[in-house]
Each structure stands twice: as structure tokens, then as C-alpha cells.
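Notes for the one structure printed next.
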Amino acid sequence: MKIAATTVSQDIKQNVSISLFKGRFYERISKVANAGFDGIELLVLDPSHLDPIEVLSSVQEFGLTIAAIGTGVQASLGKLTLVSSDPAIEKRALLRAYEIIDFAAACKTPIVTLGSFRGYLPKISKCNRNHFKTILAKLANFAGERKVSIAVEPVNRYENNFMNTANEVIELLDELSYSNLGLLLDTFHMNIEEGSIEKTIESASPFLLHVHIGDSNRLPPGQGHFPFQLMIQSLRSIGYESWLSAELLAKPDPDIAGFTTGEYLCELLSCPCE
């Protein structure tokens, strides 16, 4: 398994609570490498303001990989969601999603994550769920042509009102049957919604594309009570070899959170966890 740090791209000037490390983009990438990470999960707001070749070159200069493109800032900063009571917002969000997928392809990044960007259903109903399902199918077709996968993230009930558990997402993935649609597990959300870490990971095995790391209180790992050793053991048992991406609150500050997390994850992966 490889570890990544979540950080914002150059087009984001606002403070983002989950962006690790301080400074300009080049400085942050340098710190990511020095903290022992193998890559970054890049939070992108408006891809039209970015040069993917320049971004990729900066990351590769430090021997890093862009593990994924994160979309959470679309909802929090851009006020865009793929499902909305306002059709105009849905239209702009879908176009933005296409731009992000194109950006990911240009950066040779295999995964776009999809969590809060999907939106909040105005009313829980089969019709509304099917509406999102139609949107997701459009994204899967568009992304598939560009050899990009979409990792759909269960988000806990306090932040979203549908697809809160891994099984709910897996059910939707089964219905759609796109080879480039998969599951993202986030340890913070798992701690709230899942009854068993081992059983959830076992069920996720055929679909699992990406893992977000944050402790039970969304602080750096080791500062809450999430059983990370058990999680690593379970991931190894299903043969998961992809990314553990630190998506957590950058407290007490982005540098301390970043270096603390890097050290913890390096030690965690060096442990046999038996």
C-alpha cells in the first residue's frame, strides 16, 4: 500500500480545513515528500485555472504521484452539487465534473473521488435515487472514455442523507455495472456507520478503489480510537495494494498534522499487524 496527503491545488486561495501542509504549492509538495508520503490527493476547484502538465511536473519533481483528484471543495467552496433542487446548479456541477475528469486524465491520474459533491437529496425517494443513478452513469461513461475511474464514497448520516454505508454504495455499483465505478472507504465515516471493519472491507473487496484515512474524531491517526491496525490487516487480507490517502482535519496546524500523519502511516505500514 502507498500513502498520500490531501492538499489543495494552486487555484484554491481559501482556507480548506482538510488541506495538509502550509505554503505555496511547490513548498507543500516538498513537505509531502519529506513527510514520507508517496503521493498527493489533489483538491481542485476550477480545472480551467490549472495547467495539468505543470501540476504533474511539479509533483513528479519530488518523486510523487497524483493518487486521486478530490472533489469535496466543489460543494464546500463552489456551492455545486450533482443533485440539487436547482436544475441550474445540477447543470453547472455536471459540466464541472466533466472538466475534473478531463483534468485527471491529463494528469495521468486514475481516480476521481466522489463524496459530498454528489449532493443532498431534496427528498428520499426511489425517483430521486434513480436521478442520481442516471447522473453517475453519465459520469462513468465520460470517465471510461478517458480511462479514469470514479470512487464513490459513503458519507455519514450527519453530513448526507443517502448512500451513508458501504453496502448502499455497493448496491448502486452492482446496479450500474460499470468497470470504472468503484468504492471509496473513509475511516472517519466508517467509524460512524459501519458495524464491523473486517466485514465491511471484506464486502468491499470487489469494488474497493481508494481509502481515506482520518481518526474517529477526524484528527490525524492515533488521536482517536479508530482501529487502524485491524483495518490494515483486513486490507491486506483482501489483497488491497492501492492508496491510503490522509483526508483529515489539519489540526493543530497543516504542517503538524501532515508530518504527524506521515510518520504514523509509515510506521503502521511497516508493522506486520498480526
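Going through the C-alpha cells in order, the chains are called A, B, and so on, while each chain numbers its residues from 1 and the ligands are numbered from 1 in the order shown.
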task = Write out as a PyMOL selection string each polymer residue whose atoms come within 12 Å of Ile40 of chain A, counting only C-alpha atoms; drop sequence neighbours fewer than 5 positions from it.
result = chain A and resi 2-9+19-21+25+28-33+35+55-56+58-60+62-70+109+111+212+243-247+258+262
Fewer than 6 positions away in the same chain doesn't count, so skip those; otherwise give me all residues within 7 Å of segment 152-163 of chain A, counting only C-alpha atoms, as number ranges by chain.
A: 113-115, 120-121, 169, 182-185, 189, 192-193
Closest of A:Asp38, A:Glu27, A:Glu202, A:Asp11 to Asp51 of chain A, counting only C-alpha atoms, is A:Asp11
Which parts of segment 100-156 of chain A does DSSP call strand (DSSP E) when run on the backbone here, written out as an mmCIF file with N, CA and C atoms, in the first residue's frame?
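Saved to out-v1.cif:
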```cif
data_model
loop_
_atom_site.group_PDB
_atom_site.id
_atom_site.type_symbol
_atom_site.label_atom_id
_atom_site.label_comp_id
_atom_site.auth_asym_id
_atom_site.auth_seq_id
_atom_site.Cartn_x
_atom_site.Cartn_y
_atom_site.Cartn_z
ATOM 1 N N ILE A 111 -7.962 8.142 -10.662
ATOM 2 C CA ILE A 111 -9.166 8.146 -9.826
ATOM 3 C C ILE A 111 -9.644 9.572 -9.551
ATOM 4 N N VAL A 112 -10.959 9.765 -9.667
ATOM 5 C CA VAL A 112 -11.637 10.958 -9.169
ATOM 6 C C VAL A 112 -12.550 10.496 -8.040
ATOM 7 N N THR A 113 -12.441 11.141 -6.887
ATOM 8 C CA THR A 113 -13.264 10.738 -5.744
ATOM 9 C C THR A 113 -14.593 11.503 -5.756
ATOM 10 N N LEU A 114 -15.634 10.855 -5.252
ATOM 11 C CA LEU A 114 -16.963 11.467 -5.261
ATOM 12 C C LEU A 114 -17.644 11.221 -3.924
ATOM 13 N N SER A 149 -11.271 6.282 -13.385
ATOM 14 C CA SER A 149 -12.263 5.628 -12.534
ATOM 15 C C SER A 149 -12.839 6.620 -11.534
ATOM 16 N N ILE A 150 -14.060 6.382 -11.118
ATOM 17 C CA ILE A 150 -14.725 7.219 -10.119
ATOM 18 C C ILE A 150 -14.948 6.382 -8.865
ATOM 19 N N ALA A 151 -14.422 6.856 -7.745
ATOM 20 C CA ALA A 151 -14.561 6.158 -6.466
ATOM 21 C C ALA A 151 -15.628 6.856 -5.638
ATOM 22 N N VAL A 152 -16.758 6.184 -5.448
ATOM 23 C CA VAL A 152 -17.895 6.762 -4.735
ATOM 24 C C VAL A 152 -17.745 6.489 -3.242
#
```
Fewer than 2 positions away in the same chain doesn't count, so skip those; otherwise give me all residues within 12 Å of Ser196 of chain A, counting only C-alpha atoms, as a PDB file with N, CA, C and O atoms, in the first residue's frame.
```pdb
ATOM      1  N   THR A 165     -23.692   4.168   3.875  1.00  0.00           N
ATOM      2  CA  THR A 165     -22.918   2.978   4.209  1.00  0.00           C
ATOM      3  C   THR A 165     -22.296   2.364   2.957  1.00  0.00           C
ATOM      4  O   THR A 165     -22.745   2.606   1.828  1.00  0.00           O
ATOM      5  N   ALA A 166     -21.298   1.542   3.190  1.00  0.00           N
ATOM      6  CA  ALA A 166     -20.643   0.857   2.074  1.00  0.00           C
ATOM      7  C   ALA A 166     -21.638  -0.016   1.312  1.00  0.00           C
ATOM      8  O   ALA A 166     -21.628  -0.053   0.075  1.00  0.00           O
ATOM      9  N   THR A 187     -12.224   6.076   6.772  1.00  0.00           N
ATOM     10  CA  THR A 187     -12.255   5.536   8.132  1.00  0.00           C
ATOM     11  C   THR A 187     -13.090   6.387   9.087  1.00  0.00           C
ATOM     12  O   THR A 187     -13.700   5.860  10.019  1.00  0.00           O
ATOM     13  N   MET A 190     -16.616   5.420   8.265  1.00  0.00           N
ATOM     14  CA  MET A 190     -16.795   4.023   8.675  1.00  0.00           C
ATOM     15  C   MET A 190     -17.021   3.919  10.175  1.00  0.00           C
ATOM     16  O   MET A 190     -17.843   3.120  10.645  1.00  0.00           O
ATOM     17  N   ASN A 191     -16.286   4.695  10.944  1.00  0.00           N
ATOM     18  CA  ASN A 191     -16.392   4.634  12.406  1.00  0.00           C
ATOM     19  C   ASN A 191     -17.809   4.961  12.873  1.00  0.00           C
ATOM     20  O   ASN A 191     -18.272   4.438  13.890  1.00  0.00           O
ATOM     21  N   ILE A 192     -18.507   5.812  12.109  1.00  0.00           N
ATOM     22  CA  ILE A 192     -19.868   6.205  12.471  1.00  0.00           C
ATOM     23  C   ILE A 192     -20.901   5.204  11.964  1.00  0.00           C
ATOM     24  O   ILE A 192     -21.835   4.847  12.684  1.00  0.00           O
ATOM     25  N   GLU A 193     -20.717   4.712  10.740  1.00  0.00           N
ATOM     26  CA  GLU A 193     -21.786   3.984  10.062  1.00  0.00           C
ATOM     27  C   GLU A 193     -21.631   2.463  10.020  1.00  0.00           C
ATOM     28  O   GLU A 193     -22.635   1.756   9.891  1.00  0.00           O
ATOM     29  N   GLU A 194     -20.408   1.953  10.077  1.00  0.00           N
ATOM     30  CA  GLU A 194     -20.216   0.519   9.846  1.00  0.00           C
ATOM     31  C   GLU A 194     -20.125  -0.259  11.154  1.00  0.00           C
ATOM     32  O   GLU A 194     -19.430   0.145  12.079  1.00  0.00           O
ATOM     33  N   GLU A 198     -13.881  -5.357   9.675  1.00  0.00           N
ATOM     34  CA  GLU A 198     -13.474  -6.525   8.881  1.00  0.00           C
ATOM     35  C   GLU A 198     -14.538  -6.903   7.853  1.00  0.00           C
ATOM     36  O   GLU A 198     -14.218  -7.130   6.673  1.00  0.00           O
ATOM     37  N   LYS A 199     -15.800  -6.974   8.257  1.00  0.00           N
ATOM     38  CA  LYS A 199     -16.862  -7.386   7.346  1.00  0.00           C
ATOM     39  C   LYS A 199     -17.091  -6.352   6.247  1.00  0.00           C
ATOM     40  O   LYS A 199     -17.369  -6.702   5.097  1.00  0.00           O
ATOM     41  N   THR A 200     -16.970  -5.079   6.598  1.00  0.00           N
ATOM     42  CA  THR A 200     -17.141  -4.021   5.591  1.00  0.00           C
ATOM     43  C   THR A 200     -16.063  -4.119   4.527  1.00  0.00           C
ATOM     44  O   THR A 200     -16.345  -4.044   3.324  1.00  0.00           O
ATOM     45  N   ILE A 201     -14.831  -4.296   4.943  1.00  0.00           N
ATOM     46  CA  ILE A 201     -13.723  -4.383   3.983  1.00  0.00           C
ATOM     47  C   ILE A 201     -13.845  -5.654   3.153  1.00  0.00           C
ATOM     48  O   ILE A 201     -13.595  -5.635   1.941  1.00  0.00           O
ATOM     49  N   GLU A 202     -14.260  -6.744   3.775  1.00  0.00           N
ATOM     50  CA  GLU A 202     -14.449  -7.991   3.030  1.00  0.00           C
ATOM     51  C   GLU A 202     -15.528  -7.816   1.956  1.00  0.00           C
ATOM     52  O   GLU A 202     -15.357  -8.230   0.806  1.00  0.00           O
ATOM     53  N   SER A 203     -16.649  -7.168   2.315  1.00  0.00           N
ATOM     54  CA  SER A 203     -17.725  -6.931   1.344  1.00  0.00           C
ATOM     55  C   SER A 203     -17.280  -5.983   0.240  1.00  0.00           C
ATOM     56  O   SER A 203     -17.710  -6.099  -0.915  1.00  0.00           O
ATOM     57  N   PHE A 226     -10.020   4.901  16.309  1.00  0.00           N
ATOM     58  CA  PHE A 226     -10.240   4.007  15.176  1.00  0.00           C
ATOM     59  C   PHE A 226      -9.157   2.913  15.163  1.00  0.00           C
ATOM     60  O   PHE A 226      -7.965   3.209  15.340  1.00  0.00           O
ATOM     61  N   PRO A 227      -9.531   1.642  14.921  1.00  0.00           N
ATOM     62  CA  PRO A 227      -8.560   0.532  14.965  1.00  0.00           C
ATOM     63  C   PRO A 227      -7.782   0.384  13.654  1.00  0.00           C
ATOM     64  O   PRO A 227      -8.068  -0.484  12.824  1.00  0.00           O
ATOM     65  N   LEU A 230      -6.161  -3.070  12.782  1.00  0.00           N
ATOM     66  CA  LEU A 230      -7.167  -4.027  12.324  1.00  0.00           C
ATOM     67  C   LEU A 230      -7.543  -3.729  10.869  1.00  0.00           C
ATOM     68  O   LEU A 230      -7.703  -4.643  10.051  1.00  0.00           O
ATOM     69  N   MET A 231      -7.678  -2.445  10.539  1.00  0.00           N
ATOM     70  CA  MET A 231      -8.024  -2.070   9.174  1.00  0.00           C
ATOM     71  C   MET A 231      -6.948  -2.523   8.186  1.00  0.00           C
ATOM     72  O   MET A 231      -7.247  -3.095   7.135  1.00  0.00           O
ATOM     73  N   SER A 234      -7.054  -6.168   7.665  1.00  0.00           N
ATOM     74  CA  SER A 234      -8.194  -6.540   6.824  1.00  0.00           C
ATOM     75  C   SER A 234      -7.935  -6.192   5.364  1.00  0.00           C
ATOM     76  O   SER A 234      -8.287  -6.960   4.459  1.00  0.00           O
TER      77      SER A 234
END
```
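Once Arg146 of chain A and its same-chain neighbours fewer than 2 positions away are set aside, Ile101, Asp102, Ala104, Ala105, Ala106, Lys108, Pro110, Ala140, Asn141, Phe142, Ala143, Gly144, Val148 and Ser149 of chain A remain within 10 Å of it when counting only C-alpha atoms.
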How would the residues just picked look written out with N, CA and C atoms as a JSON list (two decimals), in the first residue's frame?
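Written out: selection_38.json:
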```json
[["chain", "number", "residue", "atom", "x", "y", "z"],
["A", 101, "ILE", "N", -12.74, 15.40, -14.61],
["A", 101, "ILE", "CA", -12.33, 14.12, -15.20],
["A", 101, "ILE", "C", -11.31, 14.34, -16.30],
["A", 102, "ASP", "N", -11.54, 15.34, -17.14],
["A", 102, "ASP", "CA", -10.55, 15.67, -18.19],
["A", 102, "ASP", "C", -9.21, 16.07, -17.58],
["A", 104, "ALA", "N", -8.06, 15.12, -14.63],
["A", 104, "ALA", "CA", -7.45, 13.90, -14.09],
["A", 104, "ALA", "C", -6.76, 13.11, -15.19],
["A", 105, "ALA", "N", -7.42, 12.97, -16.32],
["A", 105, "ALA", "CA", -6.83, 12.23, -17.44],
["A", 105, "ALA", "C", -5.55, 12.90, -17.92],
["A", 106, "ALA", "N", -5.56, 14.23, -17.99],
["A", 106, "ALA", "CA", -4.37, 14.97, -18.45],
["A", 106, "ALA", "C", -3.22, 14.84, -17.46],
["A", 108, "LYS", "N", -2.70, 12.16, -15.81],
["A", 108, "LYS", "CA", -2.43, 10.72, -15.71],
["A", 108, "LYS", "C", -2.82, 10.18, -14.34],
["A", 110, "PRO", "N", -5.55, 8.19, -12.12],
["A", 110, "PRO", "CA", -6.55, 7.17, -12.44],
["A", 110, "PRO", "C", -7.89, 7.31, -11.73],
["A", 140, "ALA", "N", -19.70, 7.98, -15.47],
["A", 140, "ALA", "CA", -18.95, 6.74, -15.71],
["A", 140, "ALA", "C", -18.63, 6.58, -17.19],
["A", 141, "ASN", "N", -19.58, 6.88, -18.06],
["A", 141, "ASN", "CA", -19.34, 6.79, -19.50],
["A", 141, "ASN", "C", -18.27, 7.78, -19.93],
["A", 142, "PHE", "N", -18.39, 9.01, -19.46],
["A", 142, "PHE", "CA", -17.43, 10.06, -19.83],
["A", 142, "PHE", "C", -16.04, 9.70, -19.32],
["A", 143, "ALA", "N", -15.96, 9.26, -18.06],
["A", 143, "ALA", "CA", -14.67, 8.92, -17.47],
["A", 143, "ALA", "C", -14.07, 7.68, -18.11],
["A", 144, "GLY", "N", -14.90, 6.72, -18.44],
["A", 144, "GLY", "CA", -14.40, 5.49, -19.04],
["A", 144, "GLY", "C", -13.69, 5.73, -20.35],
["A", 148, "VAL", "N", -10.38, 6.89, -16.76],
["A", 148, "VAL", "CA", -10.43, 7.38, -15.38],
["A", 148, "VAL", "C", -11.53, 6.63, -14.64],
["A", 149, "SER", "N", -11.27, 6.28, -13.39],
["A", 149, "SER", "CA", -12.26, 5.63, -12.53],
["A", 149, "SER", "C", -12.84, 6.62, -11.53]]
```
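Between atom CA of Asp186 of chain A and atom CA of Asp215 of chain A the separation is 9.6 Å.
Checking A:Lys251, A:Lys13, A:Arg118, A:His210 one by one against Val44 of chain A, counting only C-alpha atoms, you find the shortest gap at A:Lys13.
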Of A:Ile18, A:Phe132, A:Ala93, A:Pro52, the one sitting nearest Ala250 of chain A when using only C-alpha atoms is A:Ile18
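Minimum atom-to-atom distances from A:Leu176, A:Gly72, A:Glu54, A:His131 to Glu90 of chain A were compared using only C-alpha atoms, and the lowest value belongs to A:His131.
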